[in-house]
file entry_20.csv (CSV, C-alpha atoms)
chain,number,residue,atom,x,y,z
A,13,MET,CA,9.5,-17.5,10.9
A,14,ALA,CA,12.0,-20.2,9.7
A,15,ALA,CA,9.1,-22.6,9.2
A,16,THR,CA,7.5,-20.3,6.7
A,17,PHE,CA,10.5,-20.4,4.4
A,18,ASP,CA,11.0,-24.1,4.7
A,19,VAL,CA,7.8,-24.9,2.8
A,20,ASP,CA,7.6,-25.1,-0.9
A,21,ASP,CA,5.8,-21.9,-1.7
A,22,GLN,CA,4.7,-23.1,-5.1
A,23,SER,CA,2.9,-26.1,-3.8
A,24,VAL,CA,1.1,-24.0,-1.2
A,25,LEU,CA,0.1,-21.5,-3.9
A,26,CYS,CA,-1.2,-24.4,-6.1
A,27,ALA,CA,-3.1,-25.8,-3.2
A,28,LEU,CA,-4.7,-22.4,-2.5
A,29,GLY,CA,-5.7,-22.1,-6.2
A,30,ASP,CA,-7.1,-25.6,-6.0
A,31,ILE,CA,-9.3,-24.7,-3.1
A,32,VAL,CA,-10.5,-21.4,-4.4
A,33,LEU,CA,-10.8,-22.0,-8.1
A,34,ASN,CA,-11.8,-25.7,-8.5
A,35,GLU,CA,-15.1,-27.3,-7.8
A,36,SER,CA,-13.6,-30.5,-6.4
A,37,THR,CA,-10.6,-30.1,-4.2
A,38,ALA,CA,-7.9,-32.6,-3.3
A,39,ALA,CA,-7.7,-33.4,0.4
A,40,THR,CA,-3.9,-32.6,0.4
A,41,SER,CA,-4.7,-29.1,-0.7
A,42,TYR,CA,-6.8,-28.5,2.4
A,43,ASP,CA,-4.0,-29.9,4.5
A,44,LYS,CA,-1.2,-27.8,3.0
A,45,VAL,CA,-3.2,-24.5,3.2
A,46,ALA,CA,-4.5,-25.2,6.7
A,47,GLU,CA,-1.0,-25.9,8.0
A,48,TYR,CA,0.7,-23.0,6.1
A,49,TYR,CA,-1.8,-20.3,7.1
A,50,ASN,CA,-2.7,-21.9,10.5
A,51,LEU,CA,-6.4,-22.4,9.6
A,52,ASP,CA,-8.8,-25.1,10.8
A,53,ARG,CA,-8.8,-27.6,8.0
A,54,ASP,CA,-12.3,-28.9,8.7
A,55,ILE,CA,-13.9,-25.5,8.8
A,56,LEU,CA,-12.2,-24.6,5.5
A,57,GLU,CA,-13.5,-27.7,3.8
A,58,ALA,CA,-17.0,-27.2,5.2
A,59,GLU,CA,-17.1,-23.6,4.1
A,60,LYS,CA,-15.9,-24.5,0.6
A,61,LYS,CA,-18.7,-27.0,0.4
A,62,ASN,CA,-21.2,-24.4,1.6
A,63,PHE,CA,-20.0,-21.9,-1.0
A,64,VAL,CA,-20.3,-24.4,-3.8
A,65,ASN,CA,-23.8,-25.4,-2.6
A,66,PHE,CA,-24.9,-21.8,-2.4
A,67,ARG,CA,-23.7,-21.1,-5.8
A,68,GLU,CA,-25.5,-24.1,-7.3
A,69,GLN,CA,-28.7,-23.3,-5.5
A,70,SER,CA,-28.7,-19.7,-6.5
A,71,LYS,CA,-28.0,-20.7,-10.1
A,72,GLN,CA,-25.3,-18.1,-10.2
A,73,THR,CA,-22.0,-19.5,-11.5
A,74,ILE,CA,-18.6,-18.1,-12.1
A,75,THR,CA,-17.6,-19.6,-15.4
A,76,LEU,CA,-14.3,-19.6,-17.1
A,77,ASP,CA,-15.9,-17.6,-19.9
A,78,SER,CA,-16.5,-14.7,-17.5
A,79,GLY,CA,-12.9,-14.7,-16.2
A,80,HIS,CA,-12.9,-17.3,-13.4
A,81,SER,CA,-10.4,-15.9,-11.0
A,82,ALA,CA,-9.8,-15.4,-7.3
A,83,THR,CA,-10.8,-11.7,-7.6
A,84,ASN,CA,-14.2,-12.8,-9.1
A,85,VAL,CA,-14.7,-15.2,-6.3
A,86,VAL,CA,-14.0,-12.5,-3.7
A,87,LYS,CA,-16.4,-10.1,-5.5
A,88,TYR,CA,-19.1,-12.7,-5.7
A,89,MET,CA,-18.8,-13.6,-2.0
A,90,TYR,CA,-18.9,-9.9,-1.0
A,91,ALA,CA,-21.9,-9.2,-3.3
A,92,ASN,CA,-23.9,-12.1,-1.9
A,93,ASP,CA,-22.9,-11.3,1.8
A,94,GLN,CA,-21.0,-14.5,2.2
A,95,HIS,CA,-17.8,-12.9,3.3
A,96,ASP,CA,-19.0,-12.7,7.0
A,97,ILE,CA,-20.5,-16.2,7.0
A,98,LEU,CA,-17.7,-18.1,5.2
A,99,CYS,CA,-14.9,-16.1,6.6
A,100,THR,CA,-12.2,-18.8,6.4
A,101,TYR,CA,-12.9,-19.5,2.8
A,102,TYR,CA,-13.2,-15.8,2.1
A,103,LYS,CA,-9.8,-15.3,3.7
A,104,CYS,CA,-8.2,-17.9,1.4
A,105,ALA,CA,-9.8,-16.3,-1.7
A,106,CYS,CA,-8.5,-12.9,-0.6
A,107,ILE,CA,-5.0,-14.3,-0.1
A,108,LEU,CA,-5.0,-15.8,-3.6
A,109,ALA,CA,-6.4,-12.6,-5.1
A,110,THR,CA,-3.7,-10.5,-3.6
A,111,ILE,CA,-0.7,-12.7,-4.5
A,112,PRO,CA,0.8,-11.3,-7.7
A,113,THR,CA,1.1,-13.9,-10.5
A,114,THR,CA,4.6,-12.7,-11.2
A,115,SER,CA,6.9,-10.3,-9.4
A,116,CYS,CA,7.0,-8.0,-12.5
A,117,SER,CA,4.3,-5.7,-11.2
A,118,ALA,CA,5.9,-5.3,-7.8
A,119,GLU,CA,9.3,-4.8,-9.3
A,120,ARG,CA,7.9,-2.2,-11.7
A,121,ALA,CA,6.2,-0.3,-8.9
A,122,PHE,CA,9.5,-0.1,-6.9
A,123,SER,CA,11.4,0.9,-10.0
A,124,GLY,CA,8.9,3.7,-10.6
A,125,LEU,CA,9.3,4.8,-7.0
A,126,ARG,CA,13.1,4.9,-7.4
A,127,ARG,CA,12.8,7.1,-10.5
A,128,LEU,CA,10.2,9.3,-8.8
A,129,LYS,CA,12.2,9.7,-5.6
A,130,THR,CA,15.4,10.6,-7.5
A,131,TYR,CA,13.7,13.3,-9.5
A,132,LEU,CA,11.7,14.8,-6.6
A,133,ARG,CA,13.9,14.0,-3.6
A,134,ASN,CA,14.7,17.6,-2.6
A,135,THR,CA,11.5,19.3,-3.7
A,136,MET,CA,8.8,17.7,-1.5
A,137,GLY,CA,8.1,16.1,1.9
A,138,GLN,CA,7.8,12.4,2.7
A,139,GLY,CA,4.0,12.5,2.9
A,140,ARG,CA,3.5,14.0,-0.5
A,141,LEU,CA,6.1,11.6,-2.0
A,142,ASN,CA,4.2,8.6,-0.5
A,143,ASN,CA,0.9,9.8,-1.9
A,144,LEU,CA,2.5,10.3,-5.3
A,145,ALA,CA,4.1,6.9,-5.2
A,146,ILE,CA,0.7,5.3,-4.4
A,147,LEU,CA,-0.8,7.1,-7.4
A,148,ASN,CA,2.1,5.8,-9.6
A,149,ILE,CA,1.7,2.2,-8.3
A,150,GLU,CA,-2.1,2.3,-8.8
A,151,ARG,CA,-2.0,4.1,-12.1
A,152,GLY,CA,-4.7,2.0,-13.6
A,153,PHE,CA,-7.2,3.0,-10.9
A,154,THR,CA,-5.9,6.6,-11.0
A,155,ASN,CA,-6.4,6.8,-14.8
A,156,ARG,CA,-9.9,5.4,-14.5
A,157,VAL,CA,-10.9,7.9,-11.8
A,158,MET,CA,-9.3,10.8,-13.8
A,159,GLN,CA,-11.4,9.8,-16.9
A,160,GLU,CA,-14.7,9.3,-15.1
A,161,GLN,CA,-14.6,12.0,-12.4
A,162,MET,CA,-12.3,14.8,-13.7
A,163,ASP,CA,-15.0,17.4,-13.7
A,164,ASP,CA,-16.0,16.6,-10.1
A,165,ILE,CA,-12.4,16.8,-8.9
A,166,ILE,CA,-12.0,20.2,-10.6
A,167,ASN,CA,-15.2,21.5,-9.1
A,168,ILE,CA,-14.3,20.4,-5.6
A,169,PHE,CA,-10.8,21.8,-5.8
A,170,GLY,CA,-12.2,25.1,-7.3
A,171,ARG,CA,-14.6,25.6,-4.4
A,172,ARG,CA,-11.9,25.4,-1.8
A,173,ARG,CA,-10.4,28.6,-0.3
A,174,GLY,CA,-6.8,29.0,0.5
A,175,ARG,CA,-5.5,26.5,-2.0
A,176,LYS,CA,-1.9,27.3,-1.1
A,177,SER,CA,-2.3,25.1,2.0
A,178,TYR,CA,-2.8,22.1,-0.2
A,179,PHE,CA,0.6,22.3,-1.9
A,180,HIS,CA,3.1,21.5,0.8
call {"tool": "encode", "arguments": {"input": "entry_20.csv", "output": "structure tokens"}}
result
Amino acid sequence: MAATFDVDDQSVLCALGDIVLNESTAATSYDKVAEYYNLDRDILEAEKKNFVNFREQSKQTITLDSGHSATNVVKYMYANDQHDILCTYYKCACILATIPTTSCSAERAFSGLRRLKTYLRNTMGQGRLNNLAILNIERGFTNRVMQEQMDDIINIFGRRRGRKSYFH
């Protein structure tokens, strides 16, 4: 565990971005990522080359105009069934996609949880509080679902019997 905190995290993150987002990757980037995440460097480099070749042959590119990001790379690999074949490269893309650019979103989520817990501390159980916290943290997804599927949610809830059991 101590070795994890000895490495310059920023250089590892930049190397990860270099591997996932750039066509040509520096050899040192492969070395840093492979050492930090305990991956086979040669397999990672080979899978990156295979990914680039597949993209060029299929004439489907991820351009900067369409929002070139790690999330788009993950979606592209999943849509083209490459996540099983190029699993090491896919793992790197997923890691880069899940690392927040700043800590603001994480801090905001915990701040919202603190306000929520203070207000609702004595009125509900831990399970319901956890579910409410997830809805608060993922409010973008929640709002989108509410706008697109509100009628379906109301219909499903209305067909249920014994609604009192759903409000613990």
call {"tool": "closest_residue", "arguments": {"input": "entry_20.csv", "among": "A:Ile55, A:Val24, A:Arg156, A:Arg67", "to": "Thr40 in chain A", "atoms": "all atoms listed in the file"}}
result
A:Val24
call {"tool": "atom_distance", "arguments": {"input": "entry_20.csv", "atom1": "CA of Val45 in chain A", "atom2": "CA of Leu28 in chain A"}}
result
6.3 Å
call {"tool": "residues_near_point", "arguments": {"input": "entry_20.csv", "point": "(-17.2, -17.1, 9.6)", "cutoff": "12 Å", "atoms": "only C-alpha atoms", "output": "PyMOL selection string"}}
result
chain A and resi 52+55-56+58-60+62-63+93-103
call {"tool": "closest_residue", "arguments": {"input": "entry_20.csv", "among": "A:Val32, A:Leu144, A:Ala39, A:Leu51", "to": "Val85 in chain A", "atoms": "only C-alpha atoms"}}
result
A:Val32
call {"tool": "closest_residue", "arguments": {"input": "entry_20.csv", "among": "A:Leu33, A:Asp20, A:Ser41, A:Gly137", "to": "Val86 in chain A", "atoms": "all atoms listed in the file"}}
result
A:Leu33
call {"tool": "atom_distance", "arguments": {"input": "entry_20.csv", "atom1": "CA of Glu57 in chain A", "atom2": "CA of Lys44 in chain A"}}
result
12.3 Å
call {"tool": "closest_residue", "arguments": {"input": "entry_20.csv", "among": "A:Ile31, A:Ile146, A:Ala38, A:Ala82", "to": "Val64 in chain A", "atoms": "only C-alpha atoms"}}
result
A:Ile31
call {"tool": "atom_distance", "arguments": {"input": "entry_20.csv", "atom1": "CA of Ala105 in chain A", "atom2": "CA of Arg151 in chain A"}}
result
24.2 Å
call {"tool": "closest_residue", "arguments": {"input": "entry_20.csv", "among": "A:Ala46, A:Thr83, A:Asn92, A:Ile165", "to": "Cys106 in chain A", "atoms": "only C-alpha atoms"}}
result
A:Thr83
call {"tool": "closest_residue", "arguments": {"input": "entry_20.csv", "among": "A:Leu25, A:Met158, A:Met89, A:Ile168", "to": "Leu108 in chain A", "atoms": "all atoms listed in the file"}}
result
A:Leu25
call {"tool": "axis_aligned_box", "arguments": {"input": "entry_20.csv", "around": "range 143-160 of chain A", "padding_each_side": "8 Å", "output": "JSON"}}
result
{"center_x": -5.3, "center_y": 6.4, "center_z": -9.4, "size_x": 34.8, "size_y": 24.8, "size_z": 31.0}
